[in-house]
file run.cif (mmCIF, C-alpha atoms)
data_entry
#
loop_
_atom_site.label_atom_id
_atom_site.label_comp_id
_atom_site.auth_asym_id
_atom_site.auth_seq_id
_atom_site.Cartn_x
_atom_site.Cartn_y
_atom_site.Cartn_z
CA MET A 917 129.92 149.44 121.45
CA LEU A 918 131.63 150.76 124.55
CA ASN A 919 131.00 154.44 125.23
CA MET A 920 134.28 156.24 125.82
CA THR A 921 135.67 159.70 126.51
CA ILE A 922 139.14 160.43 125.12
CA TYR A 923 141.71 163.13 125.92
CA GLN A 924 144.95 163.50 124.00
CA SER A 925 148.12 165.62 124.26
CA ASN A 926 150.39 165.82 121.20
CA GLY A 927 152.69 168.74 121.99
CA GLU A 928 152.45 172.22 123.49
CA GLU A 929 149.80 173.35 121.01
CA GLU A 930 147.58 170.36 121.74
CA LEU A 931 147.35 169.73 125.48
CA PHE A 932 144.61 167.55 126.98
CA ILE A 933 142.20 167.96 124.05
CA LYS A 934 138.90 166.05 124.13
CA LYS A 935 138.55 163.90 121.02
CA THR A 936 136.08 161.52 119.47
CA LYS A 937 137.20 158.06 118.38
CA GLU A 938 136.92 159.25 114.76
CA GLU A 939 139.30 162.16 115.38
CA LEU A 940 142.17 159.89 116.44
CA THR A 941 144.82 159.03 113.85
CA PRO A 942 144.03 155.59 112.39
CA VAL A 943 146.73 152.92 112.60
CA SER A 944 148.86 152.16 109.58
CA PRO A 945 147.88 148.72 108.21
CA THR A 946 151.54 147.66 107.93
CA ALA A 947 152.76 148.85 111.35
CA PRO A 948 153.18 146.35 114.22
CA LEU A 949 150.47 146.77 116.87
CA ASN A 950 151.32 147.49 120.51
CA THR A 951 148.43 145.88 122.38
CA VAL A 952 147.56 147.19 125.82
CA VAL A 953 145.56 144.46 127.55
CA ILE A 954 143.49 145.66 130.51
CA ASP A 955 142.69 142.89 133.00
CA GLU A 956 140.09 143.72 135.66
CA GLU A 957 140.64 140.45 137.50
CA ARG A 958 144.08 141.51 138.79
CA THR A 959 143.74 144.37 141.26
CA TYR A 960 146.17 146.48 143.26
CA GLN A 961 146.06 149.66 145.41
CA GLU A 962 143.08 151.93 145.96
CA MET A 963 143.66 155.52 144.84
CA ASP A 964 143.44 158.61 147.06
CA GLY A 965 144.17 160.89 144.14
CA PHE A 966 146.35 163.56 142.57
CA GLY A 967 147.30 167.07 143.55
CA ALA A 968 149.88 169.61 144.65
CA SER A 969 150.55 172.01 147.54
CA PHE A 970 149.12 175.35 148.60
CA THR A 971 152.47 176.55 149.88
CA ASP A 972 152.50 180.01 151.46
CA SER A 973 153.71 181.39 148.10
CA ALA A 974 151.11 179.57 146.02
CA ALA A 975 148.26 180.52 148.37
CA TYR A 976 149.31 184.19 148.40
CA LEU A 977 149.43 184.33 144.58
CA ILE A 978 146.04 182.69 144.12
CA HIS A 979 144.25 184.36 147.03
CA GLN A 980 145.72 187.88 146.87
CA VAL A 981 147.24 188.53 143.44
CA LEU A 982 144.47 187.02 141.29
CA GLY A 983 141.14 188.82 141.03
CA ALA A 984 138.02 187.15 142.48
CA GLU A 985 136.76 186.02 139.08
CA GLN A 986 140.12 184.56 138.00
CA ARG A 987 140.50 182.84 141.35
CA SER A 988 137.04 181.30 141.20
CA GLU A 989 137.64 180.05 137.65
CA LEU A 990 141.06 178.58 138.62
CA MET A 991 139.73 176.80 141.71
CA THR A 992 136.95 175.27 139.59
CA GLN A 993 139.48 174.13 136.96
CA LEU A 994 141.69 172.58 139.66
CA PHE A 995 139.18 170.89 141.94
CA ASP A 996 135.74 170.48 140.39
CA PRO A 997 135.54 166.85 139.16
CA ASN A 998 133.08 167.74 136.37
CA GLU A 999 134.00 171.27 135.28
CA GLY A 1000 137.70 170.87 136.04
CA ILE A 1001 140.27 168.11 136.62
CA GLY A 1002 139.13 167.14 140.12
CA LEU A 1003 142.41 167.22 142.08
CA SER A 1004 141.89 165.41 145.38
CA VAL A 1005 145.12 165.37 147.44
CA LEU A 1006 146.70 168.47 148.98
CA ARG A 1007 149.98 168.16 150.85
CA GLN A 1008 150.38 171.18 153.08
CA PRO A 1009 153.62 172.47 154.62
CA MET A 1010 153.21 172.88 158.39
CA GLY A 1011 154.88 176.29 158.60
CA ALA A 1012 157.34 177.79 156.13
CA SER A 1013 158.94 175.79 153.33
CA ASP A 1014 161.34 177.17 150.72
CA TYR A 1015 158.26 178.59 148.96
CA ALA A 1016 157.10 181.06 151.59
CA ARG A 1017 157.41 184.83 151.76
CA ASP A 1018 159.09 184.59 155.17
CA PHE A 1019 160.18 182.14 157.86
CA TYR A 1020 157.39 181.09 160.23
CA SER A 1021 156.18 178.17 162.35
CA TYR A 1022 153.04 177.79 164.48
CA ASN A 1023 154.99 178.74 167.61
CA ASP A 1024 157.61 181.39 166.95
CA LEU A 1025 159.39 182.86 169.98
CA PRO A 1026 162.18 185.36 170.63
CA GLU A 1027 165.65 183.79 170.84
CA GLY A 1028 166.36 181.99 174.09
CA GLN A 1029 162.70 181.41 174.97
CA SER A 1030 160.74 178.15 174.93
CA ASP A 1031 157.07 177.21 175.29
CA MET A 1032 156.86 173.58 176.40
CA GLU A 1033 153.09 173.85 176.97
CA LEU A 1034 152.49 175.45 173.54
CA LYS A 1035 150.62 178.37 175.08
CA GLN A 1036 151.65 180.54 172.11
CA PHE A 1037 150.63 177.97 169.48
CA SER A 1038 148.67 179.58 166.62
CA ILE A 1039 147.71 178.80 163.01
CA ALA A 1040 146.83 182.50 162.48
CA HIS A 1041 149.35 182.75 159.61
CA ASP A 1042 147.41 180.15 157.60
CA GLU A 1043 144.08 181.93 158.10
CA ASP A 1044 144.99 184.71 155.65
CA ASP A 1045 145.34 182.73 152.42
CA ILE A 1046 145.89 179.00 152.93
CA ILE A 1047 142.81 178.03 154.97
CA PRO A 1048 140.27 179.92 152.81
CA LEU A 1049 141.64 178.17 149.70
CA LEU A 1050 141.59 174.75 151.37
CA GLN A 1051 137.99 175.34 152.46
CA GLU A 1052 137.03 176.38 148.92
CA ALA A 1053 138.82 173.33 147.44
CA LEU A 1054 136.92 171.03 149.82
CA ARG A 1055 133.64 172.71 148.90
CA LEU A 1056 134.34 172.05 145.20
CA ASN A 1057 135.51 168.49 145.84
CA PRO A 1058 134.45 166.89 149.16
CA ASP A 1059 136.71 163.88 148.39
CA ILE A 1060 139.86 165.94 148.98
CA LYS A 1061 142.39 164.51 151.42
CA LEU A 1062 144.78 166.85 153.26
CA MET A 1063 148.30 165.89 154.29
CA GLY A 1064 150.57 167.89 156.62
CA SER A 1065 154.39 167.94 156.44
CA PRO A 1066 156.74 170.21 158.41
CA TRP A 1067 159.94 171.51 156.84
CA SER A 1068 161.09 172.39 160.35
CA PRO A 1069 159.81 172.52 163.92
CA PRO A 1070 159.92 175.93 165.64
CA GLY A 1071 163.56 176.99 166.06
CA TRP A 1072 163.48 176.76 169.87
CA MET A 1073 162.85 172.99 169.65
CA LYS A 1074 166.07 172.46 167.67
CA THR A 1075 169.79 172.19 168.35
CA SER A 1076 170.40 175.05 165.87
CA GLY A 1077 167.95 177.40 167.63
CA SER A 1078 166.63 178.23 164.15
CA MET A 1079 164.32 176.82 161.48
CA ILE A 1080 167.48 176.34 159.40
CA GLY A 1081 169.66 173.31 160.15
CA GLY A 1082 170.00 171.37 163.40
CA GLU A 1083 168.09 168.42 164.81
CA LEU A 1084 165.14 168.01 167.16
CA LYS A 1085 166.32 168.29 170.79
CA GLN A 1086 165.73 165.08 172.72
CA GLU A 1087 163.77 166.91 175.41
CA CYS A 1088 161.47 168.39 172.74
CA TYR A 1089 160.19 165.06 171.35
CA PRO A 1090 157.05 165.16 173.59
CA VAL A 1091 156.25 168.82 172.88
CA TYR A 1092 156.78 168.35 169.15
CA ALA A 1093 154.32 165.44 169.15
CA HIS A 1094 151.83 167.72 170.92
CA TYR A 1095 152.53 170.37 168.23
CA PHE A 1096 151.17 167.92 165.62
CA VAL A 1097 148.09 167.27 167.76
CA ARG A 1098 147.41 170.99 168.07
CA TYR A 1099 147.83 171.47 164.30
CA ILE A 1100 145.33 168.68 163.55
CA GLN A 1101 142.85 169.98 166.15
CA GLU A 1102 143.06 173.60 164.96
CA TYR A 1103 142.63 172.60 161.32
CA ALA A 1104 139.69 170.35 162.25
CA SER A 1105 138.03 173.35 163.93
CA LYS A 1106 138.13 175.07 160.51
CA GLY A 1107 136.38 172.12 158.85
CA LEU A 1108 139.68 170.77 157.51
CA PRO A 1109 140.39 167.16 158.56
CA ILE A 1110 144.03 166.12 158.24
CA TYR A 1111 144.18 162.70 156.59
CA ALA A 1112 147.92 162.05 157.03
CA VAL A 1113 151.12 163.63 158.35
CA THR A 1114 154.82 163.00 157.92
CA PRO A 1115 157.18 163.86 160.81
CA GLN A 1116 159.66 165.68 158.58
CA ASN A 1117 159.99 166.73 154.94
CA GLU A 1118 163.20 165.36 153.35
CA ALA A 1119 164.69 164.16 156.62
CA LEU A 1120 168.12 163.47 155.10
CA TYR A 1121 168.62 166.97 153.64
CA SER A 1122 169.41 170.04 155.70
CA PRO A 1123 169.50 173.12 153.43
CA GLY A 1124 171.51 176.15 154.48
CA HIS A 1125 169.07 178.68 153.02
CA TYR A 1126 165.54 177.54 153.89
CA PRO A 1127 163.76 175.59 156.67
CA GLY A 1128 164.85 172.00 157.10
CA MET A 1129 166.06 169.46 159.62
CA ILE A 1130 168.00 166.21 159.70
CA MET A 1131 166.02 163.41 161.33
CA LEU A 1132 167.81 160.09 161.09
CA PRO A 1133 165.74 156.89 160.81
CA GLU A 1134 166.39 155.86 164.42
CA ALA A 1135 165.27 159.31 165.65
CA GLN A 1136 162.17 159.20 163.44
CA SER A 1137 161.29 155.71 164.69
CA ASP A 1138 161.64 156.84 168.31
CA PHE A 1139 159.61 160.01 167.68
CA ILE A 1140 156.76 158.17 165.94
CA LYS A 1141 156.59 155.13 168.20
CA ASN A 1142 157.12 156.71 171.60
CA HIS A 1143 155.69 160.21 171.13
CA LEU A 1144 153.61 160.97 168.02
CA LYS A 1145 151.47 157.81 167.88
CA PRO A 1146 150.78 157.74 171.65
CA GLN A 1147 149.68 161.41 171.47
CA PHE A 1148 147.33 160.58 168.58
CA VAL A 1149 145.84 157.68 170.52
CA LYS A 1150 145.45 159.78 173.68
CA ASN A 1151 143.66 162.53 171.72
CA HIS A 1152 141.49 160.17 169.61
CA ILE A 1153 143.18 161.27 166.38
CA ASP A 1154 143.01 158.80 163.48
CA THR A 1155 145.30 160.79 161.14
CA LYS A 1156 147.69 158.43 159.34
CA ILE A 1157 151.44 158.67 160.01
CA LEU A 1158 153.65 158.27 156.93
CA CYS A 1159 157.40 157.97 157.44
CA TYR A 1160 160.41 159.12 155.39
CA ASP A 1161 159.02 161.72 152.90
CA HIS A 1162 162.18 161.72 150.81
CA ASN A 1163 163.80 160.32 147.66
CA TRP A 1164 163.70 156.83 146.13
CA ASP A 1165 167.47 156.43 146.48
CA LYS A 1166 167.52 155.58 150.22
CA PRO A 1167 164.96 152.79 150.74
CA ASP A 1168 166.91 151.59 153.78
CA TYR A 1169 165.54 154.61 155.71
CA PRO A 1170 161.83 153.67 155.53
CA LEU A 1171 162.72 149.98 155.98
CA THR A 1172 164.43 150.88 159.28
CA VAL A 1173 161.49 152.98 160.48
CA LEU A 1174 158.89 150.35 159.52
CA GLU A 1175 160.95 147.72 161.33
CA GLN A 1176 161.47 149.80 164.49
CA ALA A 1177 158.15 151.68 164.76
CA GLY A 1178 155.94 148.89 163.37
CA ASP A 1179 152.21 149.43 163.91
CA ALA A 1180 152.68 153.11 164.73
CA VAL A 1181 153.41 153.79 161.03
CA ASP A 1182 150.74 153.60 158.30
CA GLY A 1183 152.96 153.91 155.26
CA VAL A 1184 155.81 155.56 153.37
CA ALA A 1185 155.95 158.90 151.54
CA TRP A 1186 158.32 159.28 148.57
CA HIS A 1187 159.86 162.07 146.42
CA TRP A 1188 161.41 161.80 142.95
CA TYR A 1189 164.67 163.82 143.18
CA GLY A 1190 166.87 160.70 143.33
CA GLY A 1191 166.59 156.96 142.62
CA LYS A 1192 163.86 155.07 140.75
CA PRO A 1193 160.13 154.51 141.42
CA SER A 1194 160.76 150.76 141.78
CA ALA A 1195 162.07 151.56 145.31
CA GLN A 1196 158.40 151.96 146.29
CA SER A 1197 157.75 148.33 145.34
CA ASP A 1198 160.96 147.11 146.98
CA VAL A 1199 159.75 148.43 150.35
CA PHE A 1200 156.13 147.44 149.71
CA GLU A 1201 157.17 143.83 149.08
CA VAL A 1202 158.77 143.69 152.54
CA PHE A 1203 155.85 145.50 154.23
CA PRO A 1204 152.77 144.78 152.05
CA ASP A 1205 150.37 146.05 154.74
CA LYS A 1206 151.88 149.57 154.64
CA GLU A 1207 150.58 152.26 152.28
CA VAL A 1208 152.66 153.83 149.51
CA HIS A 1209 152.32 157.55 148.79
CA PHE A 1210 154.12 159.88 146.41
CA THR A 1211 154.09 163.29 148.11
CA GLU A 1212 156.40 165.60 146.14
CA GLY A 1213 157.82 166.00 142.68
CA SER A 1214 158.46 169.41 141.15
CA GLY A 1215 158.85 170.32 137.53
CA GLY A 1216 161.22 173.16 136.72
CA GLU A 1217 163.65 174.89 134.44
CA TRP A 1218 166.20 172.10 134.86
CA ILE A 1219 163.83 170.00 132.72
CA PRO A 1220 163.22 171.88 129.46
CA PRO A 1221 159.67 172.02 128.01
CA PHE A 1222 157.59 170.26 126.24
CA GLU A 1223 159.18 166.93 125.53
CA GLN A 1224 161.20 166.44 128.69
CA ALA A 1225 158.94 168.34 131.09
CA PHE A 1226 155.56 166.98 130.03
CA SER A 1227 157.04 163.55 129.32
CA ASN A 1228 158.63 163.42 132.76
CA VAL A 1229 155.32 163.99 134.58
CA MET A 1230 153.55 161.43 132.36
CA ARG A 1231 156.23 158.73 132.31
CA THR A 1232 157.13 159.04 135.99
CA GLY A 1233 153.49 159.33 137.05
CA ILE A 1234 152.62 156.07 135.33
CA GLU A 1235 155.58 154.33 136.98
CA ILE A 1236 154.72 155.81 140.41
CA LEU A 1237 151.20 154.34 140.12
CA ARG A 1238 152.45 151.00 138.80
CA ASN A 1239 154.64 150.84 141.93
CA HIS A 1240 151.68 150.80 144.35
CA SER A 1241 151.30 154.52 145.14
CA LYS A 1242 147.88 155.71 146.37
CA SER A 1243 148.71 159.33 145.58
CA TYR A 1244 150.65 161.40 143.06
CA VAL A 1245 151.34 164.90 144.34
CA LEU A 1246 153.40 167.52 142.53
CA TRP A 1247 154.78 170.58 144.33
CA ASN A 1248 153.64 174.25 144.20
CA MET A 1249 150.07 174.85 143.06
CA ALA A 1250 151.19 178.28 141.76
CA LEU A 1251 154.41 180.26 141.34
CA ASP A 1252 155.04 183.67 139.82
CA GLU A 1253 156.97 184.80 136.73
CA LYS A 1254 160.27 184.47 138.66
CA ASN A 1255 159.38 180.99 140.03
CA GLY A 1256 158.73 182.53 143.46
CA PRO A 1257 158.13 183.98 145.96
CA THR A 1258 160.79 182.21 148.03
CA VAL A 1259 162.05 182.75 151.58
CA PRO A 1260 164.55 185.63 152.03
CA GLY A 1261 168.07 184.59 151.06
CA PHE A 1262 166.91 181.65 148.96
CA GLY A 1263 168.56 182.82 145.72
CA THR A 1264 167.40 181.77 142.26
CA SER A 1265 164.38 179.47 142.03
CA THR A 1266 163.98 177.12 139.07
CA CYS A 1267 160.77 175.31 140.14
CA ARG A 1268 157.58 175.33 138.07
CA GLY A 1269 154.08 175.54 139.52
CA ILE A 1270 150.88 173.89 138.31
CA VAL A 1271 149.95 177.41 137.20
CA THR A 1272 151.92 180.64 136.82
CA VAL A 1273 150.52 183.87 138.26
CA ASN A 1274 152.35 186.92 136.92
CA GLN A 1275 152.57 189.42 139.81
CA HIS A 1276 152.87 192.42 137.45
CA THR A 1277 150.33 191.67 134.74
CA LYS A 1278 148.04 189.44 136.91
CA GLU A 1279 148.03 186.99 134.01
CA LEU A 1280 147.22 183.36 134.83
CA THR A 1281 148.86 180.57 132.81
CA TYR A 1282 148.25 176.83 133.12
CA THR A 1283 151.60 175.00 132.87
CA LEU A 1284 152.51 171.63 131.35
CA ASP A 1285 152.18 170.11 134.83
CA TYR A 1286 148.49 171.03 134.96
CA TYR A 1287 147.74 169.24 131.69
CA ALA A 1288 149.86 166.21 132.60
CA LEU A 1289 148.09 165.91 135.98
CA ALA A 1290 144.76 166.26 134.15
CA HIS A 1291 145.53 163.08 132.19
CA PHE A 1292 145.51 161.20 135.50
CA SER A 1293 143.04 163.00 137.75
CA LYS A 1294 140.20 163.51 135.26
CA GLY A 1295 139.61 159.80 134.75
CA ILE A 1296 141.08 158.12 137.84
CA ARG A 1297 138.80 159.15 140.68
CA PRO A 1298 139.26 158.75 144.47
CA LYS A 1299 138.74 155.14 145.62
CA ALA A 1300 139.44 153.83 142.11
CA ARG A 1301 141.31 150.53 142.19
CA ARG A 1302 144.30 149.89 139.98
CA ILE A 1303 143.86 146.97 137.60
CA ALA A 1304 146.46 145.19 135.50
CA SER A 1305 147.48 146.61 132.11
CA THR A 1306 150.25 145.78 129.66
CA SER A 1307 153.08 148.31 129.83
CA ASN A 1308 156.60 148.53 128.41
CA ASP A 1309 159.28 151.11 127.60
CA LEU A 1310 157.54 152.03 124.33
CA ILE A 1311 153.90 152.32 125.40
CA ARG A 1312 153.62 152.92 129.14
CA SER A 1313 150.19 152.42 130.63
CA VAL A 1314 148.27 152.32 133.87
CA ALA A 1315 144.58 151.47 134.35
CA PHE A 1316 142.03 151.90 137.15
CA LYS A 1317 138.46 150.85 137.79
CA ASN A 1318 136.35 153.56 139.40
CA THR A 1319 133.65 152.93 142.00
CA ASP A 1320 130.94 153.48 139.34
CA GLY A 1321 132.38 150.63 137.26
CA SER A 1322 133.96 152.88 134.62
CA ILE A 1323 137.56 152.19 133.62
CA ALA A 1324 140.25 154.82 133.01
CA ALA A 1325 143.45 153.98 131.11
CA VAL A 1326 146.36 156.42 130.84
CA MET A 1327 148.91 155.76 128.10
CA PHE A 1328 152.12 157.47 127.08
CA ASN A 1329 154.12 156.81 123.92
CA ASP A 1330 157.69 157.00 125.25
CA SER A 1331 159.28 156.20 121.89
CA GLU A 1332 160.83 158.64 119.42
CA ALA A 1333 158.45 157.44 116.69
CA SER A 1334 154.72 157.10 116.14
CA GLU A 1335 153.37 153.81 117.47
CA SER A 1336 150.24 151.84 116.54
CA VAL A 1337 148.30 151.00 119.69
CA ALA A 1338 145.33 148.72 120.35
CA VAL A 1339 143.51 148.71 123.69
CA GLN A 1340 141.89 145.45 124.70
CA LEU A 1341 139.18 145.40 127.38
CA HIS A 1342 136.85 142.56 128.48
CA GLY A 1343 138.76 140.34 126.04
CA LYS A 1344 137.72 142.51 123.06
CA GLU A 1345 139.55 145.17 121.11
CA ALA A 1346 138.02 148.46 122.26
CA LEU A 1347 140.18 151.01 120.47
CA GLN A 1348 142.92 151.32 117.83
CA LEU A 1349 144.94 154.43 117.10
CA GLU A 1350 148.28 155.84 116.04
CA MET A 1351 150.06 157.61 118.95
CA PRO A 1352 152.56 160.32 117.92
CA PRO A 1353 155.95 160.27 119.69
CA LYS A 1354 155.85 161.51 123.33
CA SER A 1355 152.06 161.87 123.21
CA ALA A 1356 149.68 161.06 126.06
CA LEU A 1357 146.21 159.55 125.94
CA THR A 1358 143.53 159.08 128.58
CA VAL A 1359 140.58 156.86 127.70
CA MET A 1360 137.58 156.60 130.01
CA PHE A 1361 135.34 153.61 129.26
CA GLU A 1362 131.81 153.87 130.66
CA ALA A 1363 130.63 151.01 132.87
#
call {"tool": "encode", "arguments": {"input": "run.cif", "output": "structure tokens"}}
result
Amino acid sequence: MLNMTIYQSNGEEELFIKKTKEELTPVSPTAPLNTVVIDEERTYQEMDGFGASFTDSAAYLIHQVLGAEQRSELMTQLFDPNEGIGLSVLRQPMGASDYARDFYSYNDLPEGQSDMELKQFSIAHDEDDIIPLLQEALRLNPDIKLMGSPWSPPGWMKTSGSMIGGELKQECYPVYAHYFVRYIQEYASKGLPIYAVTPQNEALYSPGHYPGMIMLPEAQSDFIKNHLKPQFVKNHIDTKILCYDHNWDKPDYPLTVLEQAGDAVDGVAWHWYGGKPSAQSDVFEVFPDKEVHFTEGSGGEWIPPFEQAFSNVMRTGIEILRNHSKSYVLWNMALDEKNGPTVPGFGTSTCRGIVTVNQHTKELTYTLDYYALAHFSKGIRPKARRIASTSNDLIRSVAFKNTDGSIAAVMFNDSEASESVAVQLHGKEALQLEMPPKSALTVMFEA
């Protein structure tokens, strides 16, 4: 018999519960069986992992609002692969995003001034809350990979003169490339290697109330090919460069950058706020030597709980992985009871964090996103390789083989009814069970 570990979620009262084979609901003898065939011979991408972001807001809540004991327990639950769920990818805003207590970059200057030699460059802001948490996460899980993404360059580098709106001034392309180098070097000096960067978060969206910048594909190609990559080479930096960092609905953007910047680009970063995950495969088929990463998807009040919210993270996560992604990264690691803090003037926030930290009561709550992420990250470890598995609109599945030979399969019943499911591995039936509607199952088969 195959030894297996099983986790199941069947609604808000039963999230990511460890079960024995005997505790699963047996299949009805008359029901048609949905067979999930796992085939180790057909292999796909290698996994970097799963995670979220220590935005300024999230880091402040975890590092300053929570007590030491709560914080220690939370960090263990998030990052420890044995005691917790072993998150292993952290995408970090380079400067303020919408989820920051104020506007800041690593080189803020009074209006009208510039600093082309970056003499004022400093990551001091991050040393308060963000860096200590990243260091602690890395201590708990040495496999963690860090990604950096700016929402905006310093205002003086832009046509708007502000972190809101505008574009990167042509004459600031070289200094902005150097800004990335300095960021990577300063973080490295804190024991924090930056695995990958993107030149701009959501380069086709320029919000009027938080940091952002339009960077058209031609501009991004020019910046990467003629400035960013040459600076990396000159400074012996092997950090990957991922282009785009925006929604599935505009695949022509990354196609343009990959065509124009070629070898200077390592892959494409995607978000889920528009389009379908199949866009990842459409681009991958044209450029099969380029990596696919999913770098941001937030849950929130626009998706009601449990069914839609939990289901969305499960269903979409499975499809993201089946479309070649090496990472699956949600958004804020923590938000407060008002879905904040946000930058001044932001207005109402509807996003949901991986956990909620109540600023008044200091209460810590794990959200649906935490338990949905757990279904993936607990069993699918860094460097796992995706293997083929049967999947359809009723029973969605994705399977990976870990470096120790164990196999993790994640399944989601996307139908409105209970479904009888059989899992077949090594040509034999390994498991049979009844999956309630909109329930999730992770099965880890020992080597």
call {"tool": "atom_distance", "arguments": {"input": "run.cif", "atom1": "atom CA of A:Phe932", "atom2": "atom CA of A:Ser1194"}}
result
27.6 Å
call {"tool": "closest_atom_pairs", "arguments": {"input": "run.cif", "of": "stretch 1132-1205 of chain A", "to": "stretch 1078-1100 of chain A", "cutoff": "8 Å", "atoms": "all atoms listed in the file", "output": "tab-separated table"}}
result
residue	atom	partner	partner_atom	distance
A:Phe1139	CA	A:Tyr1089	CA	6.3
A:His1143	CA	A:Pro1090	CA	5.7
A:Leu1144	CA	A:Ala1093	CA	4.7
A:Gln1147	CA	A:Ala1093	CA	6.6
A:Phe1148	CA	A:Val1097	CA	6.8
A:Asn1151	CA	A:Val1097	CA	7.6
A:Ile1153	CA	A:Val1097	CA	7.9
call {"tool": "closest_residue", "arguments": {"input": "run.cif", "among": "A:Glu938, A:Asp1330, A:Asp1161, A:Glu1212", "to": "A:Val1184", "atoms": "only C-alpha atoms"}}
result
A:Asp1161
call {"tool": "closest_atom_pairs", "arguments": {"input": "run.cif", "of": "stretch 952-973 of chain A", "to": "stretch 1032-1044 of chain A", "cutoff": "12 Å", "atoms": "only C-alpha atoms", "output": "Markdown table"}}
result
| residue | atom | partner | partner_atom | distance |
| --- | --- | --- | --- | --- |
| A:Phe970 | CA | A:Asp1042 | CA | 10.3 |
| A:Thr971 | CA | A:Asp1042 | CA | 9.9 |
| A:Asp972 | CA | A:Asp1042 | CA | 8.0 |
| A:Ser973 | CA | A:Asp1042 | CA | 11.5 |
call {"tool": "closest_residue", "arguments": {"input": "run.cif", "among": "A:Gly1011, A:Pro997, A:Gly983, A:Gly927", "to": "A:Glu1223", "atoms": "only C-alpha atoms"}}
result
A:Gly927
call {"tool": "residues_around", "arguments": {"input": "run.cif", "residues": "stretch 1045-1048 of chain A", "least_positions_apart": "4", "cutoff": "6 Å", "atoms": "only C-alpha atoms", "output": "short mmCIF file (atom, residue, chain, number, x, y, z; two decimals) with C-alpha atoms, keeping the file's coordinate frame"}}
result
data_model
loop_
_atom_site.label_atom_id
_atom_site.label_comp_id
_atom_site.auth_asym_id
_atom_site.auth_seq_id
_atom_site.Cartn_x
_atom_site.Cartn_y
_atom_site.Cartn_z
CA ALA A 975 148.26 180.52 148.37
CA TYR A 976 149.31 184.19 148.40
CA HIS A 979 144.25 184.36 147.03
#
call {"tool": "atom_distance", "arguments": {"input": "run.cif", "atom1": "atom CA of A:Ser1013", "atom2": "atom CA of A:Glu1279"}}
result
24.9 Å
call {"tool": "residues_around", "arguments": {"input": "run.cif", "residues": "A:Asp955", "least_positions_apart": "3", "cutoff": "8 Å", "atoms": "all atoms listed in the file", "output": "compact mmCIF listing (two decimals) with C-alpha atoms, keeping the file's coordinate frame"}}
result
# COMPACT_ATOMS: atom_id res chain seq x y z
CA ARG A 958 144.08 141.51 138.79
CA ILE A 1303 143.86 146.97 137.60
CA ALA A 1304 146.46 145.19 135.50
CA SER A 1305 147.48 146.61 132.11
CA LEU A 1341 139.18 145.40 127.38
CA HIS A 1342 136.85 142.56 128.48
call {"tool": "closest_residue", "arguments": {"input": "run.cif", "among": "A:Val1259, A:Val943, A:Leu1171, A:Met1249", "to": "A:Phe1019", "atoms": "all atoms listed in the file"}}
result
A:Val1259
call {"tool": "closest_residue", "arguments": {"input": "run.cif", "among": "A:Cys1159, A:Leu1003, A:Ile1130, A:Val1245", "to": "A:Ser969", "atoms": "all atoms listed in the file"}}
result
A:Val1245
call {"tool": "atom_distance", "arguments": {"input": "run.cif", "atom1": "atom CA of A:Phe1361", "atom2": "atom CA of A:Gly1002"}}
result
17.8 Å
call {"tool": "resolve_selection", "arguments": {"input": "run.cif", "expression": "the PyMOL selection byres ((chain A and resi 1186) around 6)", "output": "PDB file with C-alpha atoms, in the coordinates of the input"}}
result
ATOM      1  CA  ASP A1161     159.020 161.720 152.900  1.00  0.00           C
ATOM      2  CA  HIS A1162     162.180 161.720 150.810  1.00  0.00           C
ATOM      3  CA  ASN A1163     163.800 160.320 147.660  1.00  0.00           C
ATOM      4  CA  ALA A1185     155.950 158.900 151.540  1.00  0.00           C
ATOM      5  CA  HIS A1187     159.860 162.070 146.420  1.00  0.00           C
ATOM      6  CA  PHE A1210     154.120 159.880 146.410  1.00  0.00           C
ATOM      7  CA  THR A1211     154.090 163.290 148.110  1.00  0.00           C
TER       8      THR A1211
END
call {"tool": "resolve_selection", "arguments": {"input": "run.cif", "expression": "the PyMOL selection byres ((chain A and resi 1334) around 8)", "output": "PyMOL selection string"}}
result
chain A and resi 1329+1331-1333+1335-1336+1350-1353
call {"tool": "axis_aligned_box", "arguments": {"input": "run.cif", "around": "stretch 1177-1182 of chain A", "padding_each_side": "6 Å", "output": "JSON"}}
result
{"center_x": 154.4, "center_y": 151.3, "center_z": 161.5, "size_x": 19.4, "size_y": 16.9, "size_z": 18.5}
call {"tool": "closest_residue", "arguments": {"input": "run.cif", "among": "A:Glu928, A:Glu1253, A:Ser1241, A:Asp1138", "to": "A:Arg1301", "atoms": "only C-alpha atoms"}}
result
A:Ser1241
call {"tool": "residues_around", "arguments": {"input": "run.cif", "residues": "stretch 987-990 of chain A", "least_positions_apart": "6", "cutoff": "10 Å", "atoms": "only C-alpha atoms", "output": "short mmCIF file (atom, residue, chain, number, x, y, z; two decimals) with C-alpha atoms, in the coordinates of the input"}}
result
data_model
loop_
_atom_site.label_atom_id
_atom_site.label_comp_id
_atom_site.auth_asym_id
_atom_site.auth_seq_id
_atom_site.Cartn_x
_atom_site.Cartn_y
_atom_site.Cartn_z
CA LEU A 977 149.43 184.33 144.58
CA ILE A 978 146.04 182.69 144.12
CA HIS A 979 144.25 184.36 147.03
CA GLN A 980 145.72 187.88 146.87
CA VAL A 981 147.24 188.53 143.44
CA ASP A 996 135.74 170.48 140.39
CA GLU A 999 134.00 171.27 135.28
CA GLY A 1000 137.70 170.87 136.04
CA LEU A 1049 141.64 178.17 149.70
CA GLU A 1052 137.03 176.38 148.92
CA VAL A 1271 149.95 177.41 137.20
CA LEU A 1280 147.22 183.36 134.83
CA THR A 1281 148.86 180.57 132.81
CA TYR A 1282 148.25 176.83 133.12
#
